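Here is final03.cif, consisting of mmCIF, C-alpha atoms:
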data_my_file
loop_
_atom_site.label_atom_id
_atom_site.label_comp_id
_atom_site.auth_asym_id
_atom_site.auth_seq_id
_atom_site.Cartn_x
_atom_site.Cartn_y
_atom_site.Cartn_z
CA MET O 1 13.36 3.48 7.57
CA ASP O 2 11.57 5.77 5.14
CA ALA O 3 11.99 3.12 2.44
CA VAL O 4 10.43 0.36 4.57
CA GLN O 5 6.72 -0.19 3.95
CA THR O 6 4.31 1.07 6.59
CA PRO O 7 2.75 -1.87 8.49
CA ILE O 8 -0.59 -2.49 6.80
CA ILE O 9 -2.47 -3.91 9.80
CA PRO O 10 -2.53 -0.60 11.78
CA VAL O 11 -3.47 1.30 8.59
CA ILE O 12 -6.47 -0.94 7.95
CA GLY O 13 -7.25 -0.95 11.67
CA GLU O 14 -7.60 2.84 11.70
CA ILE O 15 -10.07 2.75 8.78
CA ILE O 16 -12.04 0.04 10.60
CA ARG O 17 -12.19 2.17 13.76
CA ARG O 18 -13.78 4.96 11.73
CA THR O 19 -16.42 2.54 10.38
CA PRO O 20 -18.34 0.98 13.29
CA GLY O 21 -19.84 -2.43 12.64
CA THR O 22 -17.09 -3.56 10.29
CA ILE O 23 -16.23 -7.26 10.36
CA SER O 24 -12.48 -7.68 9.99
CA LEU O 25 -11.12 -10.53 7.90
CA GLY O 26 -7.76 -8.81 8.15
CA GLN O 27 -5.51 -9.62 11.09
CA GLY O 28 -4.13 -13.13 11.49
CA MET O 29 -5.15 -14.27 14.97
CA VAL O 30 -7.14 -17.12 16.46
CA HIS O 31 -10.42 -16.58 18.29
CA TYR O 32 -9.50 -18.70 21.31
CA GLY O 33 -7.21 -18.04 24.26
CA PRO O 34 -4.46 -19.92 26.13
CA PRO O 35 -4.97 -23.15 28.10
CA LEU O 36 -6.32 -22.59 31.60
CA ALA O 37 -3.18 -24.23 32.99
CA ALA O 38 -1.10 -21.46 31.41
CA LEU O 39 -3.23 -18.75 33.00
CA ASP O 40 -3.01 -20.46 36.38
CA ALA O 41 0.78 -20.72 36.06
CA ALA O 42 1.03 -17.03 35.20
CA ARG O 43 -1.07 -16.04 38.22
CA ALA O 44 0.98 -18.20 40.55
CA ALA O 45 4.21 -16.72 39.17
CA MET O 46 3.25 -13.24 40.35
CA ASP O 47 4.26 -14.14 43.91
CA ASP O 48 7.74 -15.26 42.91
CA PRO O 49 10.31 -12.39 43.01
CA ALA O 50 12.26 -14.07 40.18
CA THR O 51 9.34 -13.41 37.81
CA HIS O 52 10.08 -9.71 38.03
CA GLN O 53 13.81 -9.93 37.36
CA TYR O 54 16.03 -10.46 34.34
CA GLN O 55 16.69 -14.09 33.52
CA ALA O 56 18.92 -15.92 31.04
CA ASP O 57 18.97 -14.32 27.59
CA ALA O 58 18.22 -17.56 25.75
CA GLY O 59 15.24 -18.44 27.93
CA LEU O 60 14.26 -20.24 31.12
CA PRO O 61 15.97 -23.66 31.29
CA ALA O 62 12.63 -25.35 32.03
CA LEU O 63 11.11 -23.88 28.86
CA ILE O 64 14.18 -24.68 26.75
CA ASP O 65 13.88 -28.31 27.92
CA ARG O 66 10.21 -28.48 27.00
CA ILE O 67 10.84 -26.94 23.60
CA GLY O 68 13.64 -29.41 22.93
CA ALA O 69 11.38 -32.33 23.79
CA LYS O 70 8.59 -30.96 21.59
CA LEU O 71 10.95 -30.43 18.64
CA GLY O 72 12.24 -33.99 18.89
CA ARG O 73 8.80 -35.52 19.32
CA GLU O 74 6.82 -33.50 16.76
CA ASN O 75 9.30 -31.94 14.33
CA GLY O 76 12.04 -34.54 14.10
CA ILE O 77 14.64 -31.97 15.16
CA ASP O 78 17.34 -33.03 17.62
CA VAL O 79 18.63 -29.96 19.44
CA ALA O 80 21.30 -31.91 21.33
CA HIS O 81 23.74 -32.03 18.44
CA GLY O 82 24.96 -28.84 16.79
CA ARG O 83 21.90 -26.68 17.45
CA ARG O 84 20.69 -24.14 19.97
CA VAL O 85 17.24 -22.96 21.08
CA MET O 86 16.37 -19.37 21.98
CA VAL O 87 13.08 -18.13 23.40
CA THR O 88 12.08 -14.82 21.81
CA ALA O 89 9.35 -12.22 22.20
CA GLY O 90 7.45 -13.68 19.26
CA SER O 91 8.71 -15.18 16.01
CA ASN O 92 9.07 -11.74 14.37
CA MET O 93 11.87 -11.04 16.84
CA ALA O 94 13.41 -14.43 16.08
CA PHE O 95 13.43 -13.58 12.38
CA MET O 96 15.07 -10.20 13.07
CA HIS O 97 17.77 -11.88 15.16
CA ALA O 98 18.42 -14.40 12.38
CA VAL O 99 18.74 -11.74 9.70
CA LEU O 100 21.16 -9.70 11.82
CA ALA O 101 23.15 -12.84 12.65
CA VAL O 102 23.76 -14.04 9.08
CA THR O 103 24.06 -10.83 7.04
CA GLU O 104 25.95 -7.61 6.69
CA PRO O 105 24.54 -4.48 5.01
CA GLY O 106 24.20 -4.92 1.26
CA ASP O 107 23.63 -8.69 1.40
CA GLU O 108 20.62 -10.30 -0.27
CA ILE O 109 17.87 -12.57 1.02
CA VAL O 110 15.59 -14.49 -1.33
CA LEU O 111 11.90 -14.06 -0.53
CA PRO O 112 9.27 -16.03 -2.47
CA VAL O 113 6.28 -13.87 -3.42
CA PRO O 114 3.79 -13.49 -1.87
CA PHE O 115 5.70 -13.02 1.38
CA TYR O 116 4.92 -12.15 4.99
CA PHE O 117 5.34 -8.37 5.04
CA ASN O 118 7.23 -8.22 8.35
CA HIS O 119 9.93 -10.43 6.82
CA GLU O 120 10.53 -7.92 4.04
CA MET O 121 10.54 -5.10 6.58
CA ALA O 122 13.11 -6.83 8.82
CA ILE O 123 15.45 -7.51 5.89
CA GLU O 124 15.31 -3.91 4.74
CA MET O 125 15.80 -2.57 8.27
CA ALA O 126 19.00 -4.63 8.44
CA GLY O 127 20.30 -2.77 5.40
CA CYS O 128 19.91 -5.80 3.15
CA ARG O 129 18.19 -6.27 -0.18
CA VAL O 130 15.08 -8.38 -0.69
CA VAL O 131 15.23 -10.49 -3.84
CA ARG O 132 11.66 -11.31 -4.80
CA VAL O 133 11.03 -14.57 -6.66
CA PRO O 134 7.68 -15.71 -8.07
CA THR O 135 5.72 -18.76 -6.98
CA ASP O 136 3.47 -20.77 -9.29
CA GLU O 137 -0.29 -20.38 -9.84
CA ALA O 138 -1.00 -22.37 -6.66
CA TYR O 139 1.56 -20.31 -4.70
CA GLN O 140 3.93 -23.27 -4.48
CA LEU O 141 7.71 -22.75 -4.58
CA ARG O 142 9.41 -22.47 -7.95
CA LEU O 143 12.86 -23.90 -7.41
CA ASP O 144 14.04 -22.75 -10.83
CA ALA O 145 13.23 -19.15 -9.91
CA ILE O 146 14.87 -19.47 -6.49
CA ARG O 147 18.03 -20.97 -7.95
CA ALA O 148 18.21 -18.25 -10.63
CA ALA O 149 17.90 -15.54 -7.97
CA VAL O 150 20.97 -16.63 -6.00
CA THR O 151 24.05 -14.39 -6.39
CA ASP O 152 27.37 -13.96 -4.64
CA ARG O 153 25.65 -11.60 -2.18
CA THR O 154 22.83 -14.02 -1.27
CA ARG O 155 22.93 -15.12 2.38
CA ALA O 156 19.57 -16.81 2.94
CA ILE O 157 16.36 -18.19 1.45
CA VAL O 158 13.09 -17.78 3.36
CA THR O 159 10.19 -20.25 3.34
CA VAL O 160 6.90 -19.98 5.23
CA SER O 161 4.89 -23.21 5.43
CA PRO O 162 2.00 -23.39 6.09
CA ASN O 163 2.03 -20.07 4.34
CA ASN O 164 1.02 -16.58 5.32
CA PRO O 165 -0.67 -15.05 3.28
CA THR O 166 -1.74 -17.84 0.91
CA GLY O 167 -2.50 -20.87 3.06
CA ALA O 168 -0.29 -23.00 0.79
CA VAL O 169 1.56 -25.94 2.37
CA PHE O 170 4.93 -26.66 0.77
CA SER O 171 5.83 -30.22 -0.10
CA GLU O 172 8.67 -32.14 1.51
CA SER O 173 10.38 -32.37 -1.88
CA SER O 174 10.33 -28.58 -2.32
CA LEU O 175 11.76 -27.97 1.14
CA ARG O 176 14.35 -30.67 0.52
CA GLU O 177 15.43 -28.89 -2.68
CA VAL O 178 15.73 -25.55 -0.87
CA ASN O 179 17.86 -27.23 1.81
CA ALA O 180 20.05 -28.86 -0.83
CA LEU O 181 20.55 -25.52 -2.59
CA CYS O 182 21.47 -23.86 0.71
CA GLY O 183 23.99 -26.60 1.49
CA GLU O 184 25.44 -26.39 -2.01
CA ARG O 185 25.83 -22.59 -2.06
CA GLY O 186 26.64 -21.93 1.60
CA LEU O 187 23.32 -20.22 2.37
CA TYR O 188 20.95 -20.28 5.32
CA HIS O 189 17.39 -21.58 5.11
CA LEU O 190 15.08 -19.45 7.27
CA ALA O 191 12.10 -21.76 7.75
CA ASP O 192 9.06 -20.08 9.31
CA GLU O 193 6.79 -22.77 10.81
CA VAL O 194 4.46 -20.62 12.90
CA TYR O 195 1.35 -22.34 11.47
CA GLU O 196 2.69 -25.88 11.84
CA TYR O 197 -0.50 -27.27 13.42
CA PHE O 198 -2.91 -25.65 10.97
CA THR O 199 -3.28 -28.06 8.05
CA TYR O 200 -6.43 -29.51 6.49
CA GLY O 201 -7.45 -32.56 4.50
CA THR O 202 -4.47 -34.58 3.33
CA ALA O 203 -1.97 -31.72 3.70
CA ARG O 204 0.87 -32.37 6.14
CA HIS O 205 3.44 -30.02 7.60
CA VAL O 206 7.12 -30.90 7.18
CA SER O 207 9.85 -29.25 9.25
CA ALA O 208 12.76 -28.26 7.02
CA GLY O 209 15.11 -28.66 9.96
CA SER O 210 14.30 -32.36 10.18
CA LEU O 211 15.68 -33.14 6.71
CA ALA O 212 19.04 -34.83 6.27
CA GLY O 213 21.95 -32.40 6.36
CA ALA O 214 19.79 -29.47 7.52
CA ALA O 215 21.43 -28.74 10.88
CA PRO O 216 24.40 -26.58 9.76
CA HIS O 217 22.35 -24.10 7.73
CA THR O 218 18.67 -24.25 8.78
CA ILE O 219 17.12 -21.71 11.12
CA SER O 220 13.61 -22.77 12.20
CA LEU O 221 11.13 -20.27 13.64
CA TYR O 222 8.10 -21.05 15.81
CA SER O 223 5.48 -19.23 17.87
CA LEU O 224 2.88 -19.90 20.55
CA SER O 225 0.75 -17.00 19.27
CA LYS O 226 -1.44 -19.09 16.96
CA ALA O 227 -1.63 -22.64 18.30
CA TYR O 228 -1.97 -21.59 21.94
CA GLY O 229 -3.84 -18.30 21.59
CA PHE O 230 -0.83 -16.42 22.99
CA ALA O 231 -0.65 -13.49 20.53
CA GLY O 232 -0.57 -10.80 23.23
CA TRP O 233 1.94 -12.68 25.39
CA ARG O 234 4.71 -12.29 22.77
CA ILE O 235 6.40 -15.65 23.01
CA GLY O 236 8.12 -17.66 20.31
CA TYR O 237 11.34 -19.56 19.77
CA VAL O 238 14.01 -20.26 17.22
CA VAL O 239 16.31 -23.21 16.53
CA TYR O 240 19.64 -22.31 14.92
CA PRO O 241 23.11 -23.77 14.21
CA GLU O 242 25.38 -23.47 17.25
CA HIS O 243 28.00 -21.49 15.32
CA LEU O 244 25.52 -18.56 15.28
CA GLU O 245 25.10 -18.53 19.05
CA GLU O 246 27.28 -15.49 19.77
CA ALA O 247 25.61 -13.37 17.12
CA MET O 248 22.09 -14.45 18.16
CA LEU O 249 22.78 -13.66 21.81
CA LYS O 250 24.16 -10.23 20.93
CA SER O 251 20.95 -9.38 19.10
CA GLN O 252 18.70 -10.81 21.83
CA ASP O 253 20.52 -9.02 24.64
CA THR O 254 20.47 -5.70 22.80
CA ILE O 255 16.84 -5.74 21.69
CA VAL O 256 15.00 -7.40 24.59
CA VAL O 257 17.50 -9.03 27.05
CA CYS O 258 15.07 -11.93 27.53
CA ALA O 259 11.50 -12.74 26.59
CA PRO O 260 8.96 -11.73 29.27
CA ILE O 261 9.39 -14.10 32.20
CA VAL O 262 5.71 -14.46 33.01
CA SER O 263 5.06 -15.38 29.37
CA GLN O 264 7.79 -18.01 29.52
CA ILE O 265 6.28 -19.52 32.68
CA ALA O 266 2.86 -19.62 31.02
CA ALA O 267 4.47 -21.16 27.93
CA CYS O 268 5.89 -24.01 30.04
CA ALA O 269 2.38 -24.88 31.18
CA ALA O 270 1.00 -24.52 27.66
CA LEU O 271 3.57 -26.94 26.24
CA ASP O 272 2.69 -29.40 28.99
CA VAL O 273 -0.88 -29.34 27.64
CA GLY O 274 0.50 -29.65 24.13
CA ARG O 275 -1.12 -29.46 20.72
CA ALA O 276 -4.23 -31.12 22.14
CA HIS O 277 -5.23 -27.58 23.14
CA CYS O 278 -5.57 -26.41 19.55
CA GLU O 279 -6.70 -29.60 17.80
CA PRO O 280 -10.45 -29.10 18.43
CA TYR O 281 -10.18 -25.54 17.15
CA VAL O 282 -8.28 -26.66 14.07
CA ARG O 283 -11.05 -29.16 13.34
CA ASP O 284 -13.57 -26.32 13.59
CA LEU O 285 -11.39 -24.14 11.35
CA ALA O 286 -11.43 -26.86 8.70
CA GLU O 287 -15.19 -26.41 8.40
CA VAL O 288 -14.85 -22.61 8.41
CA ARG O 289 -12.23 -22.90 5.68
CA ARG O 290 -14.61 -24.98 3.57
CA LEU O 291 -17.32 -22.34 3.99
CA VAL O 292 -14.94 -19.51 3.10
CA VAL O 293 -13.56 -21.23 -0.01
CA ASP O 294 -17.04 -22.19 -1.20
CA GLN O 295 -18.36 -18.65 -0.84
CA LEU O 296 -15.33 -17.05 -2.46
CA SER O 297 -15.39 -19.56 -5.32
CA ALA O 298 -18.91 -18.36 -6.12
CA LEU O 299 -17.34 -15.05 -7.20
CA ALA O 300 -16.03 -16.64 -10.42
CA PRO O 301 -15.38 -15.25 -12.98
CA LEU O 302 -14.95 -11.96 -11.10
CA ALA O 303 -12.36 -13.55 -8.80
CA ASP O 304 -10.76 -16.85 -7.90
CA VAL O 305 -8.92 -18.35 -4.95
CA PRO O 306 -6.22 -21.04 -5.28
CA ALA O 307 -6.21 -23.98 -2.89
CA ALA O 308 -5.41 -23.04 0.70
CA ASP O 309 -4.56 -26.18 2.67
CA GLY O 310 -2.99 -24.60 5.74
CA ALA O 311 -2.85 -21.66 8.18
CA PHE O 312 -6.12 -19.68 8.17
CA TYR O 313 -5.77 -17.53 5.09
CA CYS O 314 -6.86 -17.39 1.46
CA LEU O 315 -5.29 -15.08 -1.09
CA LEU O 316 -8.14 -13.94 -3.30
CA ARG O 317 -7.27 -12.90 -6.86
CA VAL O 318 -9.73 -10.29 -8.19
CA HIS O 319 -9.96 -9.67 -11.94
CA THR O 320 -10.05 -5.90 -12.13
CA ARG O 321 -7.84 -2.91 -12.84
CA LEU O 322 -9.17 -1.06 -9.82
CA ASP O 323 -6.56 0.03 -7.29
CA PRO O 324 -6.51 -2.63 -4.52
CA MET O 325 -6.16 -0.16 -1.65
CA ALA O 326 -8.96 2.02 -2.96
CA LEU O 327 -11.17 -1.04 -3.37
CA CYS O 328 -10.22 -2.20 0.13
CA GLU O 329 -11.31 1.16 1.57
CA ARG O 330 -14.62 1.00 -0.28
CA LEU O 331 -15.25 -2.50 1.05
CA ILE O 332 -14.83 -1.17 4.58
CA ARG O 333 -16.76 2.07 4.21
CA GLU O 334 -19.57 0.87 1.96
CA HIS O 335 -19.87 -2.80 2.89
CA ARG O 336 -18.36 -2.98 6.40
CA VAL O 337 -15.91 -5.78 5.76
CA ALA O 338 -12.10 -5.55 5.90
CA VAL O 339 -9.42 -7.52 4.10
CA ILE O 340 -5.71 -6.84 3.50
CA PRO O 341 -4.50 -5.67 0.05
CA GLY O 342 -2.06 -8.03 -1.63
CA ALA O 343 0.49 -5.29 -2.30
CA ALA O 344 1.57 -5.57 1.36
CA PHE O 345 2.66 -9.14 0.58
CA GLY O 346 4.50 -8.22 -2.62
CA MET O 347 1.59 -8.87 -5.00
CA THR O 348 1.82 -5.62 -6.96
CA ASP O 349 0.87 -6.95 -10.40
CA GLY O 350 -2.90 -7.21 -10.12
CA CYS O 351 -5.56 -7.01 -7.43
CA TYR O 352 -5.24 -9.45 -4.52
CA PHE O 353 -6.67 -9.60 -1.01
CA ARG O 354 -5.70 -11.73 1.96
CA VAL O 355 -8.77 -13.12 3.70
CA ALA O 356 -8.13 -14.26 7.30
CA TYR O 357 -10.71 -16.49 8.96
CA GLY O 358 -9.06 -17.55 12.23
CA ALA O 359 -9.96 -14.67 14.54
CA LEU O 360 -13.76 -14.95 14.44
CA GLN O 361 -16.46 -17.45 15.34
CA SER O 362 -17.85 -19.35 12.35
CA GLU O 363 -21.11 -17.37 12.25
CA THR O 364 -19.24 -14.06 12.11
CA VAL O 365 -16.85 -15.36 9.46
CA ALA O 366 -19.82 -16.43 7.34
CA GLU O 367 -21.39 -12.99 7.67
CA GLY O 368 -18.07 -11.28 6.88
CA VAL O 369 -17.38 -13.39 3.80
CA GLY O 370 -20.95 -12.82 2.66
CA ARG O 371 -20.38 -9.08 2.91
CA LEU O 372 -17.10 -9.44 1.00
CA VAL O 373 -18.71 -11.42 -1.82
CA ASN O 374 -21.65 -9.04 -2.12
CA GLY O 375 -19.38 -6.00 -1.87
CA LEU O 376 -17.10 -7.21 -4.63
CA ARG O 377 -20.07 -8.00 -6.84
CA VAL O 378 -21.36 -4.48 -6.35
CA GLU O 379 -18.00 -2.78 -6.81
CA LEU O 380 -16.96 -4.85 -9.83
CA GLY O 381 -20.38 -5.25 -11.40
CA ASP O 382 -21.80 -1.76 -10.98
CA GLY O 383 -21.77 0.01 -14.34
CA ARG O 384 -20.43 3.17 -12.74
CA ILE O 385 -17.03 1.70 -11.97
CA ARG O 386 -16.81 -1.69 -13.70
CA GLN O 387 -13.46 -2.29 -15.42
CA ASP O 388 -12.63 -5.42 -17.36
CA ALA O 389 -9.57 -7.39 -16.34
#

Kindly present the structure from the file in structure tokens form.
Amino acid sequence: MDAVQTPIIPVIGEIIRRTPGTISLGQGMVHYGPPLAALDAARAAMDDPATHQYQADAGLPALIDRIGAKLGRENGIDVAHGRRVMVTAGSNMAFMHAVLAVTEPGDEIVLPVPFYFNHEMAIEMAGCRVVRVPTDEAYQLRLDAIRAAVTDRTRAIVTVSPNNPTGAVFSESSLREVNALCGERGLYHLADEVYEYFTYGTARHVSAGSLAGAAPHTISLYSLSKAYGFAGWRIGYVVYPEHLEEAMLKSQDTIVVCAPIVSQIAACAALDVGRAHCEPYVRDLAEVRRLVVDQLSALAPLADVPAADGAFYCLLRVHTRLDPMALCERLIREHRVAVIPGAAFGMTDGCYFRVAYGALQSETVAEGVGRLVNGLRVELGDGRIRQDA
């Protein structure tokens, strides 16, 4: 545990708490809440004694049914043949279950960089080794690097699309190649699809589990935290090959027994509302994204931001030799704006910051990004501390 990185969000959060008035472009949340129908269902459930008791480890049958219908309708995944669904206390828990189910200590999991930091942490907590592989300049998958990283100890390859922290959306052809490699080498494809509804312009999300031949080796992870504003309810789900059922249930029963029942009941109502709940907000986020990218692009040549066609993140590349964490702290204390240093996502060669724009109203995002742009100009352009890239 000492070797596992300290979660960066609480670290940055503590600095923010000591600097009143800071606008946080740090944590990845949405600014809206659950559908009213979900809240009504949760209130009504309080009077049912079953709400307060243990239920089936894998999830309430009514919720499993709804998830199965959603997966078939929206993701092209048929859970009736060779697959199982499990409801988890968020997709982080689903990822932990999957890692424990498919590895033994000393095994390797391939993680494209930049990665979601909790994925690296889970792999290391399981006693496994993270094999970092680079992505290209646009943060798209490099299949040559992934293939070269596979060894006899490799057990899985992880993809996150739409991507946290970059906002990149992986192409169907890239995901198809990862699936083919997994099938060829006897590996698992851990496909994180938490941001499936958050795409912009012509970008389209593709579920790796829908591709031909994917069922025996693809583990697909989802969450209600983003699309339905359910972050605090801790509810997600995972689709996995049926031969992993015993291992997955062992992990679920040991760690949590079952996801919170009231959250599952609310999730049933949320899925009845469907993605129509988030679509207006995603349309609004598209405009916020345009504003963010335009403002950050004005930092050139001090910094640049590759295309971000999904999720609600940009990964800003700053051309400086300044220490990213030190610069991050100065941005909070001197300019009252918070971002997350790229080192938490594996970007240790250079200065990078994840900018999250989903948790705030558009006016606040605009103010926060303005502070970020001005702060970076001051910190990088001031003769006292300027350092050339």

Å distance separating atom CA of O:Leu60 from atom CA of O:His205, one decimal place: 27.7 Å

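For the set O:Gly72, O:Pro306, O:Pro165, O:Gly59, the residue with the smallest atom-to-atom gap to O:Ile340 is O:Pro165, counting all atoms listed in the file.
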
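Among the candidate residues O:Ala267, O:Leu327, O:Ile157, O:Cys278, the one lying nearest to O:Ala38 is O:Ala267, with distances computed using only C-alpha atoms.
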
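Selection result for the displayed file, with the PyMOL selection byres ((chain O and resi 193-196) around 6) as criterion, is Ser161, Pro162, Asp192, Tyr197, Phe198, His205, Leu221, Tyr222, Ser223 and Ala311 of chain O.
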
Shortest interatomic distance to O:Glu329 - which of O:Gly375, O:Thr166, O:Lys226, O:Val355, counting all atoms listed in the file: O:Gly375

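The set of residues that the PyMOL selection byres ((chain O and resi 330) around 12) takes from this file is O:Ile12, O:Ile15, O:Ile16, O:Thr19, O:Thr22, O:Leu322, O:Asp323, O:Pro324, O:Met325, O:Ala326, O:Leu327, O:Cys328, O:Glu329, O:Leu331, O:Ile332, O:Arg333, O:Glu334, O:His335, O:Arg336, O:Val337, O:Ala338, O:Val339, O:Leu372, O:Gly375, O:Leu376, O:Val378, O:Glu379, O:Leu380, O:Ile385.
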
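Straight-line separation from atom CA of O:Pro34 to atom CA of O:Asp65: 20.2 Å.
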
From O:Ala191, O:Ala300, O:Val30, O:Ala62, residue lying nearest O:Asp272 [all atoms listed in the file]: O:Ala62

Mind listing whatever residues come within 10 Å of the point (13.8, -7.6, 9.4)? Use only C-alpha atoms, file coordinates, and give them as a CSV table (one decimal) with C-alpha atoms, in the frame of the given file.
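What ended up in selection-v7.csv:
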chain,number,residue,atom,x,y,z
O,4,VAL,CA,10.4,0.4,4.6
O,92,ASN,CA,9.1,-11.7,14.4
O,93,MET,CA,11.9,-11.0,16.8
O,94,ALA,CA,13.4,-14.4,16.1
O,95,PHE,CA,13.4,-13.6,12.4
O,96,MET,CA,15.1,-10.2,13.1
O,97,HIS,CA,17.8,-11.9,15.2
O,98,ALA,CA,18.4,-14.4,12.4
O,99,VAL,CA,18.7,-11.7,9.7
O,100,LEU,CA,21.2,-9.7,11.8
O,117,PHE,CA,5.3,-8.4,5.0
O,118,ASN,CA,7.2,-8.2,8.4
O,119,HIS,CA,9.9,-10.4,6.8
O,120,GLU,CA,10.5,-7.9,4.0
O,121,MET,CA,10.5,-5.1,6.6
O,122,ALA,CA,13.1,-6.8,8.8
O,123,ILE,CA,15.4,-7.5,5.9
O,124,GLU,CA,15.3,-3.9,4.7
O,125,MET,CA,15.8,-2.6,8.3
O,126,ALA,CA,19.0,-4.6,8.4
O,127,GLY,CA,20.3,-2.8,5.4
O,128,CYS,CA,19.9,-5.8,3.2

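Nearest to O:Phe353 of all the residues O:Ala227, O:Val178, O:Leu25, O:Met1 is O:Leu25, counting all atoms listed in the file.
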
Distance query stretch 108-114 of chain O at most 10 Å, only C-alpha atoms, self and fewer than 5 positions along chain excluded, as a PyMOL selection string: chain O and resi 99+103+119-120+123-124+127-136+139-143+145-147+149-160+163-166+187-190+315+342-348

Mind filling out stretch 18-38 of chain O with N, CA and C atoms and sending it as a PDB file, in the frame of the given file?
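Written out: rebuild.pdb:
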ATOM      1  N   ARG O  18     -12.924   3.857  12.185  1.00  0.00           N
ATOM      2  CA  ARG O  18     -13.780   4.960  11.730  1.00  0.00           C
ATOM      3  C   ARG O  18     -15.063   4.450  11.078  1.00  0.00           C
ATOM      4  N   THR O  19     -15.228   3.128  11.009  1.00  0.00           N
ATOM      5  CA  THR O  19     -16.420   2.540  10.380  1.00  0.00           C
ATOM      6  C   THR O  19     -17.003   1.494  11.326  1.00  0.00           C
ATOM      7  N   PRO O  20     -17.780   1.926  12.316  1.00  0.00           N
ATOM      8  CA  PRO O  20     -18.340   0.980  13.290  1.00  0.00           C
ATOM      9  C   PRO O  20     -19.168  -0.115  12.615  1.00  0.00           C
ATOM     10  N   GLY O  21     -19.083  -1.308  13.178  1.00  0.00           N
ATOM     11  CA  GLY O  21     -19.840  -2.430  12.640  1.00  0.00           C
ATOM     12  C   GLY O  21     -19.106  -3.222  11.585  1.00  0.00           C
ATOM     13  N   THR O  22     -17.871  -2.832  11.286  1.00  0.00           N
ATOM     14  CA  THR O  22     -17.090  -3.560  10.290  1.00  0.00           C
ATOM     15  C   THR O  22     -16.653  -4.914  10.837  1.00  0.00           C
ATOM     16  N   ILE O  23     -16.777  -5.950  10.032  1.00  0.00           N
ATOM     17  CA  ILE O  23     -16.230  -7.260  10.360  1.00  0.00           C
ATOM     18  C   ILE O  23     -14.849  -7.353   9.715  1.00  0.00           C
ATOM     19  N   SER O  24     -13.842  -7.626  10.514  1.00  0.00           N
ATOM     20  CA  SER O  24     -12.480  -7.680   9.990  1.00  0.00           C
ATOM     21  C   SER O  24     -12.077  -9.104   9.639  1.00  0.00           C
ATOM     22  N   LEU O  25     -11.755  -9.298   8.375  1.00  0.00           N
ATOM     23  CA  LEU O  25     -11.120 -10.530   7.900  1.00  0.00           C
ATOM     24  C   LEU O  25      -9.663 -10.209   7.595  1.00  0.00           C
ATOM     25  N   GLY O  26      -9.091  -9.323   8.417  1.00  0.00           N
ATOM     26  CA  GLY O  26      -7.760  -8.810   8.150  1.00  0.00           C
ATOM     27  C   GLY O  26      -6.665  -9.450   8.976  1.00  0.00           C
ATOM     28  N   GLN O  27      -6.654  -9.209  10.283  1.00  0.00           N
ATOM     29  CA  GLN O  27      -5.510  -9.620  11.090  1.00  0.00           C
ATOM     30  C   GLN O  27      -5.498 -11.116  11.346  1.00  0.00           C
ATOM     31  N   GLY O  28      -4.300 -11.695  11.326  1.00  0.00           N
ATOM     32  CA  GLY O  28      -4.130 -13.130  11.490  1.00  0.00           C
ATOM     33  C   GLY O  28      -4.015 -13.548  12.939  1.00  0.00           C
ATOM     34  N   MET O  29      -5.135 -13.784  13.581  1.00  0.00           N
ATOM     35  CA  MET O  29      -5.150 -14.270  14.970  1.00  0.00           C
ATOM     36  C   MET O  29      -6.162 -15.398  15.067  1.00  0.00           C
ATOM     37  N   VAL O  30      -6.114 -16.119  16.176  1.00  0.00           N
ATOM     38  CA  VAL O  30      -7.140 -17.120  16.460  1.00  0.00           C
ATOM     39  C   VAL O  30      -8.160 -16.520  17.417  1.00  0.00           C
ATOM     40  N   HIS O  31      -9.341 -17.130  17.454  1.00  0.00           N
ATOM     41  CA  HIS O  31     -10.420 -16.580  18.290  1.00  0.00           C
ATOM     42  C   HIS O  31     -10.403 -17.137  19.703  1.00  0.00           C
ATOM     43  N   TYR O  32      -9.523 -18.088  19.985  1.00  0.00           N
ATOM     44  CA  TYR O  32      -9.500 -18.700  21.310  1.00  0.00           C
ATOM     45  C   TYR O  32      -8.269 -18.241  22.096  1.00  0.00           C
ATOM     46  N   GLY O  33      -8.294 -18.476  23.398  1.00  0.00           N
ATOM     47  CA  GLY O  33      -7.210 -18.040  24.260  1.00  0.00           C
ATOM     48  C   GLY O  33      -6.328 -19.180  24.725  1.00  0.00           C
ATOM     49  N   PRO O  34      -5.409 -18.906  25.648  1.00  0.00           N
ATOM     50  CA  PRO O  34      -4.460 -19.920  26.130  1.00  0.00           C
ATOM     51  C   PRO O  34      -5.141 -20.998  26.962  1.00  0.00           C
ATOM     52  N   PRO O  35      -4.450 -22.117  27.186  1.00  0.00           N
ATOM     53  CA  PRO O  35      -4.970 -23.150  28.100  1.00  0.00           C
ATOM     54  C   PRO O  35      -5.128 -22.572  29.504  1.00  0.00           C
ATOM     55  N   LEU O  36      -6.109 -23.056  30.229  1.00  0.00           N
ATOM     56  CA  LEU O  36      -6.320 -22.590  31.600  1.00  0.00           C
ATOM     57  C   LEU O  36      -5.090 -22.837  32.471  1.00  0.00           C
ATOM     58  N   ALA O  37      -4.381 -23.926  32.214  1.00  0.00           N
ATOM     59  CA  ALA O  37      -3.180 -24.230  32.990  1.00  0.00           C
ATOM     60  C   ALA O  37      -2.131 -23.135  32.825  1.00  0.00           C
ATOM     61  N   ALA O  38      -2.058 -22.544  31.642  1.00  0.00           N
ATOM     62  CA  ALA O  38      -1.100 -21.460  31.410  1.00  0.00           C
ATOM     63  C   ALA O  38      -1.488 -20.218  32.196  1.00  0.00           C
TER      64      ALA O  38
END
